[in-house]
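A.B. asks: There's a structure below that I have some questions on.
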Amino acid sequence: MLSDDHSTFGGWMLKRLLLCIDVSGNGLLHGAGMRQFGTAWDGWQVCTVSGLAAAARALRAHSFPVGVLISSFDGLGELDSFLHQHWDMQWVGIFPPRALQMAACRRLVRDHCHDYHTLPVDMLRLRHTLGHAYGYATLRELPHAPLCALEQPDMALKGGGVAIGRLRSQILKVAGASAPVLIWGESGSGKELTAQAIHVHSARAAGPFVPINCGAIPAGLAQSELFGHERGAFTGATRDKRGLIESAAGGTVFFDEIGDLPLPLQTNLLRFLQEKTIYRVGATHSTAVDLRVIAASHVNLLEAVQQGRFREDLYYRLNVLALDVPPLRERKEDLMLLANHFFSTYASERAPMVKGFSNAAVEAICNHAWPGNVRELINRVRRAMVMAEGRAIMPQDLGLSVADESGADVALDGIRWRADREAVQACLASAGGNISKAARDLGVSRMTLYRMIKRLNIEC
């Protein structure tokens, strides 16, 4: 038996770990009470705790596939919250018979428990239940992709496929240099995560990482926001203010959607890249700023240069080290690994009974074209976790079809349009129609969201 002292785990791996929690206050897991469970515990290494606080400490110290909880009438709300947080375990409940007459207790069993027993416990049946629960737990532990692919130290980019592996290798190469980096990738593919990874692996990792959404800077305040201002420079300037570029000194500044930067600011940015100095609004002297510049765009900047929307000299200043972030359709081997990762990340939002993806949902995810990339995957998984009515997410919960869309006679532009429209509509609904909140959730500026609403014919 393992006690509340978790040092007994010390460095060795247990194949069949069982966490037993007594929240009844009756001491059923101690002394004679514990001995009555002897036959049920055969073949298990058991950790016994009293109360949810001790259980939480045990779960932080080790991973248990199966848990047994002994409860009475009290504290069902707190227990419900605890089980919701630890949804990925197989729980077996033990209750006094009268507890199941309570609607709250029945709901807790239905939402969280693999099975339940009533006191006094039939030990043979409990032993069979635990074996069955462990079998289910091992099924859950079989991933659709190697779990080690998620465990990249200091690398926020998840996945184990060839495309993302190539990007990681390129990140490590450019991180060691100090030259500007230009990242290209479709919307929602992970350009900012790529920039963060470059910063984390660079010599400037201890400094700040300052992201700037170029499309979200207010036109009238753009100069002050980027470069700062001196006291008295204009009405309302009651004190000196550092701009976003200056605030990144010693670290990295990330210009997201650099193609949206107005032409006058492009001129000022070019001067900064050439001279490594800035002029605050109203200042008579320059300020030296030492930082790394990373920029990103989902549009082809060379085409923007040819159309007169982007300065050619700025383009070549930024495009020293270039990285392409692969779209999700080129990362099919990472799809379920990412889907399961987001399911765990947003587990607090799920309906209590939802435990994972059905086989049909897995097929639909793997066959979808993912025009909205990782952002679309996140939105669909979060929506499905809330809307699913069974224990497993179905394709319709994701808004997907089981049929292979790759062979459908539908233009990719049409698929992208529908996916973008669904994603924006879902985000607006989640934000209660609040444009600012929806824009933050989507990772775009308010003006960009307004343009998307117009292009997608969405009524607000």
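Just so we're on the same page: first chain in the structure tokens is A, next is B, and so on; residues restart at 1 for each chain, and ligands are numbered from 1 in the order they show up.
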Distance table requested - range 115-207 of chain A against range 291-297 of chain A, cut-off 10 Å, only C-alpha atoms: one row per qualifying residue with the closest atom pair and its distance in Å to one decimal, ordered by chain and rising residue number, as a Markdown table.
C.D. replies:
| residue | atom | partner | partner_atom | distance |
| --- | --- | --- | --- | --- |
| A:Ala177 | CA | A:Arg292 | CA | 9.5 |
| A:Ser178 | CA | A:Arg292 | CA | 6.3 |
| A:Ala179 | CA | A:Arg292 | CA | 7.2 |
| A:Pro180 | CA | A:Val293 | CA | 5.0 |
| A:Val181 | CA | A:Ile294 | CA | 4.7 |
| A:Leu182 | CA | A:Ala295 | CA | 4.9 |
| A:Ile183 | CA | A:Ala296 | CA | 4.5 |
| A:Trp184 | CA | A:Ser297 | CA | 5.3 |
| A:Gly185 | CA | A:Ser297 | CA | 6.7 |
| A:Glu186 | CA | A:Ser297 | CA | 8.1 |
| A:Ser187 | CA | A:Ser297 | CA | 8.6 |
| A:Lys191 | CA | A:Ala296 | CA | 6.7 |
| A:Glu192 | CA | A:Ala296 | CA | 7.9 |
| A:Thr194 | CA | A:Ala296 | CA | 9.7 |
| A:Ala195 | CA | A:Ile294 | CA | 6.7 |
| A:Gln196 | CA | A:Ile294 | CA | 9.6 |
| A:Ile198 | CA | A:Ile294 | CA | 8.9 |
| A:His199 | CA | A:Arg292 | CA | 8.5 |
| A:Ser202 | CA | A:Arg292 | CA | 9.5 |
| A:Arg204 | CA | A:Arg292 | CA | 8.0 |
| A:Gly207 | CA | A:Leu291 | CA | 9.1 |
A.B. asks: Could you dump the residues just selected with C-alpha atoms as a compact mmCIF listing (two decimals), in the first residue's frame?
C.D. replies:
# COMPACT_ATOMS: atom_id res chain seq x y z
CA ALA A 177 21.56 34.97 -35.47
CA SER A 178 20.62 38.61 -34.85
CA ALA A 179 19.37 39.51 -38.34
CA PRO A 180 15.68 40.33 -38.95
CA VAL A 181 13.34 37.41 -39.64
CA LEU A 182 10.33 37.46 -41.97
CA ILE A 183 7.72 34.75 -41.30
CA TRP A 184 5.13 33.86 -43.92
CA GLY A 185 2.11 31.71 -43.25
CA GLU A 186 -1.62 31.52 -43.78
CA SER A 187 -3.93 33.06 -41.20
CA LYS A 191 3.16 32.68 -37.02
CA GLU A 192 3.25 34.34 -33.58
CA THR A 194 6.98 30.70 -34.36
CA ALA A 195 8.21 34.18 -33.46
CA GLN A 196 7.96 33.38 -29.74
CA ILE A 198 12.73 32.15 -32.06
CA HIS A 199 12.84 34.58 -29.15
CA SER A 202 17.81 33.30 -28.85
CA ARG A 204 17.72 37.66 -25.98
CA GLY A 207 14.49 40.19 -22.52
A.B. asks: What's around range 379-386 of chain A at 7 Å? Count only C-alpha atoms, leave out sequence neighbours fewer than 3 positions away in its own chain, and write the answer as a list in words.
C.D. replies: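 Surrounding residues, per the criterion: Ala339, Phe343, Tyr346, Glu349, Arg350, Ala351, Val354, Arg375, Glu376, Ile393, Asp397, Leu398 and Ala423 of chain A.
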A.B. asks: Export all heavy atoms of the chosen residues as an mmCIF file, in the first residue's frame?
C.D. replies:
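Once everything was written out, this is again_16.cif:
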data_model
loop_
_atom_site.group_PDB
_atom_site.id
_atom_site.type_symbol
_atom_site.label_atom_id
_atom_site.label_comp_id
_atom_site.auth_asym_id
_atom_site.auth_seq_id
_atom_site.Cartn_x
_atom_site.Cartn_y
_atom_site.Cartn_z
ATOM 1 N N ALA A 339 -5.641 18.060 -31.830
ATOM 2 C CA ALA A 339 -7.029 18.060 -31.357
ATOM 3 C C ALA A 339 -7.111 17.612 -29.898
ATOM 4 O O ALA A 339 -7.806 18.223 -29.083
ATOM 5 C CB ALA A 339 -7.885 17.158 -32.242
ATOM 6 N N PHE A 343 -8.231 19.741 -26.644
ATOM 7 C CA PHE A 343 -9.279 19.195 -25.774
ATOM 8 C C PHE A 343 -8.844 19.279 -24.315
ATOM 9 O O PHE A 343 -9.623 19.644 -23.434
ATOM 10 C CB PHE A 343 -9.566 17.740 -26.165
ATOM 11 C CG PHE A 343 -10.725 17.128 -25.435
ATOM 12 C CD1 PHE A 343 -12.000 17.185 -25.959
ATOM 13 C CD2 PHE A 343 -10.552 16.501 -24.201
ATOM 14 C CE1 PHE A 343 -13.085 16.617 -25.277
ATOM 15 C CE2 PHE A 343 -11.614 15.943 -23.516
ATOM 16 C CZ PHE A 343 -12.882 16.000 -24.060
ATOM 17 N N TYR A 346 -8.580 23.146 -23.061
ATOM 18 C CA TYR A 346 -9.856 23.805 -22.769
ATOM 19 C C TYR A 346 -10.829 22.876 -22.035
ATOM 20 O O TYR A 346 -12.042 23.021 -22.155
ATOM 21 C CB TYR A 346 -10.486 24.308 -24.068
ATOM 22 C CG TYR A 346 -9.627 25.329 -24.778
ATOM 23 C CD1 TYR A 346 -8.862 24.976 -25.896
ATOM 24 C CD2 TYR A 346 -9.549 26.641 -24.328
ATOM 25 C CE1 TYR A 346 -8.062 25.909 -26.539
ATOM 26 C CE2 TYR A 346 -8.758 27.586 -24.963
ATOM 27 C CZ TYR A 346 -8.019 27.204 -26.072
ATOM 28 O OH TYR A 346 -7.225 28.128 -26.706
ATOM 29 N N GLU A 349 -13.983 23.997 -20.180
ATOM 30 C CA GLU A 349 -15.146 24.492 -20.913
ATOM 31 C C GLU A 349 -16.073 23.370 -21.372
ATOM 32 O O GLU A 349 -17.180 23.647 -21.832
ATOM 33 C CB GLU A 349 -14.688 25.286 -22.150
ATOM 34 C CG GLU A 349 -13.816 26.491 -21.833
ATOM 35 C CD GLU A 349 -13.363 27.210 -23.097
ATOM 36 O OE1 GLU A 349 -13.801 26.806 -24.199
ATOM 37 O OE2 GLU A 349 -12.577 28.166 -22.978
ATOM 38 N N ARG A 350 -15.632 22.133 -21.284
ATOM 39 C CA ARG A 350 -16.398 21.039 -21.873
ATOM 40 C C ARG A 350 -17.646 20.719 -21.072
ATOM 41 O O ARG A 350 -17.738 20.999 -19.875
ATOM 42 C CB ARG A 350 -15.516 19.787 -21.964
ATOM 43 C CG ARG A 350 -15.206 19.202 -20.613
ATOM 44 C CD ARG A 350 -14.283 17.992 -20.660
ATOM 45 N NE ARG A 350 -13.990 17.578 -19.310
ATOM 46 C CZ ARG A 350 -14.778 16.780 -18.597
ATOM 47 N NH1 ARG A 350 -15.873 16.292 -19.141
ATOM 48 N NH2 ARG A 350 -14.465 16.468 -17.367
ATOM 49 N N ALA A 351 -18.622 20.135 -21.755
ATOM 50 C CA ALA A 351 -19.768 19.560 -21.052
ATOM 51 C C ALA A 351 -19.262 18.396 -20.203
ATOM 52 O O ALA A 351 -18.375 17.648 -20.639
ATOM 53 C CB ALA A 351 -20.811 19.081 -22.062
ATOM 54 N N VAL A 354 -18.583 14.814 -21.686
ATOM 55 C CA VAL A 354 -17.751 14.651 -22.878
ATOM 56 C C VAL A 354 -16.352 14.198 -22.475
ATOM 57 O O VAL A 354 -15.662 14.878 -21.713
ATOM 58 C CB VAL A 354 -17.680 15.957 -23.686
ATOM 59 C CG1 VAL A 354 -16.800 15.774 -24.914
ATOM 60 C CG2 VAL A 354 -19.070 16.403 -24.098
ATOM 61 N N ARG A 375 -6.158 27.766 -35.998
ATOM 62 C CA ARG A 375 -7.209 28.562 -35.350
ATOM 63 C C ARG A 375 -8.581 27.938 -35.576
ATOM 64 O O ARG A 375 -9.419 27.894 -34.670
ATOM 65 C CB ARG A 375 -7.174 29.995 -35.879
ATOM 66 C CG ARG A 375 -8.144 30.934 -35.149
ATOM 67 C CD ARG A 375 -8.059 32.343 -35.703
ATOM 68 N NE ARG A 375 -6.740 32.909 -35.474
ATOM 69 C CZ ARG A 375 -6.055 33.590 -36.379
ATOM 70 N NH1 ARG A 375 -6.553 33.766 -37.588
ATOM 71 N NH2 ARG A 375 -4.880 34.105 -36.074
ATOM 72 N N GLU A 376 -8.823 27.433 -36.793
ATOM 73 C CA GLU A 376 -10.090 26.770 -37.067
ATOM 74 C C GLU A 376 -10.224 25.497 -36.235
ATOM 75 O O GLU A 376 -11.301 25.199 -35.705
ATOM 76 C CB GLU A 376 -10.197 26.427 -38.556
ATOM 77 C CG GLU A 376 -11.507 25.735 -38.911
ATOM 78 C CD GLU A 376 -11.528 25.173 -40.319
ATOM 79 O OE1 GLU A 376 -10.547 25.387 -41.066
ATOM 80 O OE2 GLU A 376 -12.520 24.491 -40.667
ATOM 81 N N ILE A 393 -17.337 13.094 -28.790
ATOM 82 C CA ILE A 393 -17.614 14.117 -29.787
ATOM 83 C C ILE A 393 -17.861 13.456 -31.138
ATOM 84 O O ILE A 393 -17.101 12.582 -31.570
ATOM 85 C CB ILE A 393 -16.426 15.105 -29.878
ATOM 86 C CG1 ILE A 393 -16.362 15.957 -28.606
ATOM 87 C CG2 ILE A 393 -16.528 15.989 -31.112
ATOM 88 C CD1 ILE A 393 -15.148 16.846 -28.531
ATOM 89 N N ASP A 397 -20.889 17.578 -34.150
ATOM 90 C CA ASP A 397 -20.532 18.514 -33.078
ATOM 91 C C ASP A 397 -19.407 19.445 -33.531
ATOM 92 O O ASP A 397 -19.318 20.595 -33.084
ATOM 93 C CB ASP A 397 -20.091 17.751 -31.825
ATOM 94 C CG ASP A 397 -21.162 16.811 -31.300
ATOM 95 O OD1 ASP A 397 -22.346 17.179 -31.373
ATOM 96 O OD2 ASP A 397 -20.810 15.714 -30.828
ATOM 97 N N LEU A 398 -18.555 18.937 -34.405
ATOM 98 C CA LEU A 398 -17.455 19.729 -34.957
ATOM 99 C C LEU A 398 -17.877 20.540 -36.174
ATOM 100 O O LEU A 398 -17.110 21.374 -36.669
ATOM 101 C CB LEU A 398 -16.300 18.804 -35.369
ATOM 102 C CG LEU A 398 -15.570 18.056 -34.244
ATOM 103 C CD1 LEU A 398 -14.874 16.829 -34.796
ATOM 104 C CD2 LEU A 398 -14.576 18.973 -33.552
ATOM 105 N N ALA A 423 -16.465 29.919 -38.430
ATOM 106 C CA ALA A 423 -15.575 30.254 -37.321
ATOM 107 C C ALA A 423 -15.886 31.639 -36.766
ATOM 108 O O ALA A 423 -15.940 31.837 -35.549
ATOM 109 C CB ALA A 423 -14.118 30.177 -37.777
#
A.B. asks: Can you tell me, as a list in words, what residues are no more than 10 Å from Ala216 in chain A when counting only C-alpha atoms, ignoring any on the same chain fewer than 2 positions away?
C.D. replies: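 Once the adjacent positions are removed, what remains is Ile212, Asn213, Cys214, Pro218, Ala219, Ala222, Asp256, Glu257, Asp260, Leu261, Ala439, Val444, Ser445, Arg446, Met447 and Thr448 of chain A.
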A.B. asks: Those residues you just picked out, can you put them in a file as a PDB file, in the first residue's frame with N, CA, C and O atoms?
C.D. replies:
ATOM      1  N   ILE A 212       3.266  43.292 -31.813  1.00  0.00           N
ATOM      2  CA  ILE A 212       2.535  44.475 -32.282  1.00  0.00           C
ATOM      3  C   ILE A 212       1.672  44.043 -33.457  1.00  0.00           C
ATOM      4  O   ILE A 212       2.186  43.590 -34.489  1.00  0.00           O
ATOM      5  N   ASN A 213       0.363  44.159 -33.311  1.00  0.00           N
ATOM      6  CA  ASN A 213      -0.557  43.858 -34.398  1.00  0.00           C
ATOM      7  C   ASN A 213      -0.674  45.115 -35.264  1.00  0.00           C
ATOM      8  O   ASN A 213      -1.325  46.080 -34.897  1.00  0.00           O
ATOM      9  N   CYS A 214      -0.025  45.091 -36.413  1.00  0.00           N
ATOM     10  CA  CYS A 214       0.072  46.299 -37.235  1.00  0.00           C
ATOM     11  C   CYS A 214      -1.283  46.770 -37.750  1.00  0.00           C
ATOM     12  O   CYS A 214      -1.459  47.952 -38.043  1.00  0.00           O
ATOM     13  N   PRO A 218      -4.344  52.257 -33.784  1.00  0.00           N
ATOM     14  CA  PRO A 218      -5.212  53.384 -34.172  1.00  0.00           C
ATOM     15  C   PRO A 218      -4.447  54.358 -35.066  1.00  0.00           C
ATOM     16  O   PRO A 218      -3.319  54.746 -34.755  1.00  0.00           O
ATOM     17  N   ALA A 219      -5.064  54.748 -36.180  1.00  0.00           N
ATOM     18  CA  ALA A 219      -4.374  55.566 -37.175  1.00  0.00           C
ATOM     19  C   ALA A 219      -3.838  56.865 -36.583  1.00  0.00           C
ATOM     20  O   ALA A 219      -2.698  57.262 -36.845  1.00  0.00           O
ATOM     21  N   ALA A 222      -0.765  56.076 -34.173  1.00  0.00           N
ATOM     22  CA  ALA A 222       0.199  55.067 -34.596  1.00  0.00           C
ATOM     23  C   ALA A 222       1.632  55.489 -34.307  1.00  0.00           C
ATOM     24  O   ALA A 222       2.434  54.713 -33.777  1.00  0.00           O
ATOM     25  N   ASP A 256       3.338  41.765 -36.277  1.00  0.00           N
ATOM     26  CA  ASP A 256       2.394  40.822 -36.873  1.00  0.00           C
ATOM     27  C   ASP A 256       1.611  41.518 -37.975  1.00  0.00           C
ATOM     28  O   ASP A 256       1.172  42.655 -37.812  1.00  0.00           O
ATOM     29  N   GLU A 257       1.413  40.836 -39.088  1.00  0.00           N
ATOM     30  CA  GLU A 257       0.746  41.384 -40.272  1.00  0.00           C
ATOM     31  C   GLU A 257       1.372  42.715 -40.673  1.00  0.00           C
ATOM     32  O   GLU A 257       0.720  43.754 -40.766  1.00  0.00           O
ATOM     33  N   ASP A 260      -0.008  45.323 -43.150  1.00  0.00           N
ATOM     34  CA  ASP A 260      -1.057  46.280 -42.820  1.00  0.00           C
ATOM     35  C   ASP A 260      -0.503  47.599 -42.285  1.00  0.00           C
ATOM     36  O   ASP A 260      -1.276  48.510 -41.984  1.00  0.00           O
ATOM     37  N   LEU A 261       0.818  47.702 -42.155  1.00  0.00           N
ATOM     38  CA  LEU A 261       1.413  48.917 -41.605  1.00  0.00           C
ATOM     39  C   LEU A 261       1.294  50.049 -42.630  1.00  0.00           C
ATOM     40  O   LEU A 261       1.691  49.887 -43.785  1.00  0.00           O
ATOM     41  N   ALA A 439     -12.680  39.831 -31.757  1.00  0.00           N
ATOM     42  CA  ALA A 439     -11.421  40.071 -32.472  1.00  0.00           C
ATOM     43  C   ALA A 439     -10.237  39.544 -31.678  1.00  0.00           C
ATOM     44  O   ALA A 439      -9.320  38.925 -32.235  1.00  0.00           O
ATOM     45  N   VAL A 444      -7.189  38.809 -34.346  1.00  0.00           N
ATOM     46  CA  VAL A 444      -7.104  39.802 -35.421  1.00  0.00           C
ATOM     47  C   VAL A 444      -7.511  41.157 -34.863  1.00  0.00           C
ATOM     48  O   VAL A 444      -8.036  41.266 -33.758  1.00  0.00           O
ATOM     49  N   SER A 445      -7.298  42.211 -35.652  1.00  0.00           N
ATOM     50  CA  SER A 445      -7.709  43.549 -35.228  1.00  0.00           C
ATOM     51  C   SER A 445      -9.201  43.726 -35.448  1.00  0.00           C
ATOM     52  O   SER A 445      -9.843  42.968 -36.194  1.00  0.00           O
ATOM     53  N   ARG A 446      -9.785  44.755 -34.810  1.00  0.00           N
ATOM     54  CA  ARG A 446     -11.210  45.036 -34.990  1.00  0.00           C
ATOM     55  C   ARG A 446     -11.503  45.363 -36.450  1.00  0.00           C
ATOM     56  O   ARG A 446     -12.520  44.925 -37.007  1.00  0.00           O
ATOM     57  N   MET A 447     -10.613  46.146 -37.097  1.00  0.00           N
ATOM     58  CA  MET A 447     -10.836  46.502 -38.497  1.00  0.00           C
ATOM     59  C   MET A 447     -10.789  45.269 -39.392  1.00  0.00           C
ATOM     60  O   MET A 447     -11.597  45.134 -40.326  1.00  0.00           O
ATOM     61  N   THR A 448      -9.861  44.364 -39.098  1.00  0.00           N
ATOM     62  CA  THR A 448      -9.789  43.125 -39.881  1.00  0.00           C
ATOM     63  C   THR A 448     -11.060  42.308 -39.700  1.00  0.00           C
ATOM     64  O   THR A 448     -11.600  41.745 -40.659  1.00  0.00           O
TER      65      THR A 448
END
A.B. asks: Which residue, A:Glu333, A:Glu230, A:Asp441, A:Asp240, has the smallest gap to Val162 in chain A when you use only C-alpha atoms?
C.D. replies: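 Of A:Glu333, A:Glu230, A:Asp441, A:Asp240, the one nearest Val162 in chain A is A:Glu333, counting only C-alpha atoms.
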A.B. asks: Determine, counting only C-alpha atoms, which protein, DNA and RNA residues have an atom within 12 Å of an atom of Pro65 in chain A; residues of the same chain fewer than 6 positions away are not included. Present the result as a PyMOL selection string.
C.D. replies: chain A and resi 14-20+44-46+59+86-92+114+130-141
A.B. asks: Could you give me, as a list in words, the residues within 9 Å of Ile365 in chain A, counting only C-alpha atoms and dropping anything in the same chain fewer than 6 positions from it?
C.D. replies: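 Once the nearby chain positions are removed, what remains is Leu335, Met336, Ala339, Leu377, Pro395, Leu398, Leu400, Ser401 and Val402 of chain A.
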A.B. asks: In terms of the shortest atom-to-atom distance over only C-alpha atoms, which of A:Gly372, A:Gly243, A:Gly236, A:Gly77 is closest to Val281 in chain A?
C.D. replies: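 Using only C-alpha atoms, the shortest distance to Val281 in chain A belongs to A:Gly243.
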A.B. asks: A:Gly259, A:Gly282, A:Pro326, A:Pro352: which is nearest Arg311 in chain A, counting only C-alpha atoms?
C.D. replies: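 The answer is A:Gly259, which sits nearest to Arg311 in chain A.
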A.B. asks: Find the spatial neighbours of Gln170 in chain A, counting only C-alpha atoms, within a cut-off of 12 Å - ignore same-chain residues fewer than 3 positions away - and output them as a list in words.
C.D. replies: Ala163, Ile164, Gly165, Arg166, Leu167, Lys173, Val174, Ala175, Gly176, Ala177, Val181, Ile183, Thr194, Ala195, Ala197, Ile198, His201, Leu321, Ala322, Leu323, Asp324 and Val325 of chain A
A.B. asks: Restricting it to C-alpha atoms, dump the selection as a PDB file, in the first residue's frame.
C.D. replies:
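Contents of out.pdb, freshly written:
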ATOM      1  CA  ALA A 163       6.688  19.701 -41.792  1.00  0.00           C
ATOM      2  CA  ILE A 164       6.667  20.953 -38.204  1.00  0.00           C
ATOM      3  CA  GLY A 165       9.964  19.182 -37.518  1.00  0.00           C
ATOM      4  CA  ARG A 166      11.551  21.053 -40.407  1.00  0.00           C
ATOM      5  CA  LEU A 167      10.196  24.351 -39.045  1.00  0.00           C
ATOM      6  CA  LYS A 173      19.121  27.966 -36.792  1.00  0.00           C
ATOM      7  CA  VAL A 174      17.776  31.520 -37.111  1.00  0.00           C
ATOM      8  CA  ALA A 175      17.478  31.961 -33.325  1.00  0.00           C
ATOM      9  CA  GLY A 176      21.254  32.038 -33.062  1.00  0.00           C
ATOM     10  CA  ALA A 177      21.555  34.971 -35.467  1.00  0.00           C
ATOM     11  CA  VAL A 181      13.343  37.407 -39.640  1.00  0.00           C
ATOM     12  CA  ILE A 183       7.724  34.747 -41.303  1.00  0.00           C
ATOM     13  CA  THR A 194       6.978  30.697 -34.361  1.00  0.00           C
ATOM     14  CA  ALA A 195       8.208  34.181 -33.463  1.00  0.00           C
ATOM     15  CA  ALA A 197       9.974  30.176 -30.288  1.00  0.00           C
ATOM     16  CA  ILE A 198      12.729  32.145 -32.064  1.00  0.00           C
ATOM     17  CA  HIS A 201      15.858  30.113 -28.163  1.00  0.00           C
ATOM     18  CA  LEU A 321      16.039  35.259 -42.786  1.00  0.00           C
ATOM     19  CA  ALA A 322      12.781  33.848 -44.151  1.00  0.00           C
ATOM     20  CA  LEU A 323      10.601  31.134 -42.603  1.00  0.00           C
ATOM     21  CA  ASP A 324       7.433  29.507 -43.951  1.00  0.00           C
ATOM     22  CA  VAL A 325       4.935  28.162 -41.409  1.00  0.00           C
TER      23      VAL A 325
END
A.B. asks: How would you write, as a VMD selection string, the set of residues in range 216-459 of chain A that DSSP gives as helix (DSSP H, G or I)?
C.D. replies: chain A and resid 219 to 227 244 to 247 258 to 260 263 to 275 301 to 306 312 to 318 328 to 330 332 to 345 347 to 349 359 to 367 373 to 387 395 to 398 405 to 407 412 to 430 435 to 442 446 to 455
A.B. asks: Which residue is closest to Asp115 in chain A? Choose from A:Gly190, A:Pro371, A:Gly356, A:Gly93 and count only C-alpha atoms.
C.D. replies: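 Nearest candidate to Asp115 in chain A out of A:Gly190, A:Pro371, A:Gly356, A:Gly93: A:Gly93.
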A.B. asks: How far is it from CA of Phe310 in chain A to CA of Gln266 in chain A, in Å with one decimal?
C.D. replies: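 We find that CA of Phe310 in chain A and CA of Gln266 in chain A lie 7.8 Å from each other.
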A.B. asks: Could you name the residues that touch Phe95 in chain A at 10 Å or less, counting only C-alpha atoms, but leaving out those on the same chain fewer than 3 positions away, as a PDB file with C-alpha atoms, in the first residue's frame?
C.D. replies:
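In the end it all went to selection-v3.pdb:
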ATOM      1  CA  SER A  24     -17.029  10.640   3.546  1.00  0.00           C
ATOM      2  CA  LEU A  69     -13.863   7.916  -4.324  1.00  0.00           C
ATOM      3  CA  ILE A  70     -15.936   7.230  -1.244  1.00  0.00           C
ATOM      4  CA  SER A  71     -18.448   9.988  -0.595  1.00  0.00           C
ATOM      5  CA  SER A  72     -21.480  10.708   1.545  1.00  0.00           C
ATOM      6  CA  PHE A  73     -24.154  13.368   1.212  1.00  0.00           C
ATOM      7  CA  ARG A  98     -29.564   6.874   0.265  1.00  0.00           C
ATOM      8  CA  ALA A  99     -27.116   9.245  -1.489  1.00  0.00           C
ATOM      9  CA  LEU A 100     -28.307   8.015  -4.874  1.00  0.00           C
ATOM     10  CA  CYS A 105     -25.478  12.585  -6.626  1.00  0.00           C
ATOM     11  CA  VAL A 109     -22.272   9.671 -11.193  1.00  0.00           C
ATOM     12  CA  TYR A 116     -20.467   3.126  -9.011  1.00  0.00           C
ATOM     13  CA  HIS A 117     -21.128   0.900  -5.969  1.00  0.00           C
ATOM     14  CA  THR A 118     -23.180   1.264  -2.828  1.00  0.00           C
ATOM     15  CA  LEU A 119     -22.159   0.428   0.732  1.00  0.00           C
ATOM     16  CA  PRO A 120     -21.578  -2.267   1.874  1.00  0.00           C
ATOM     17  CA  VAL A 121     -19.348  -3.030  -1.106  1.00  0.00           C
TER      18      VAL A 121
END
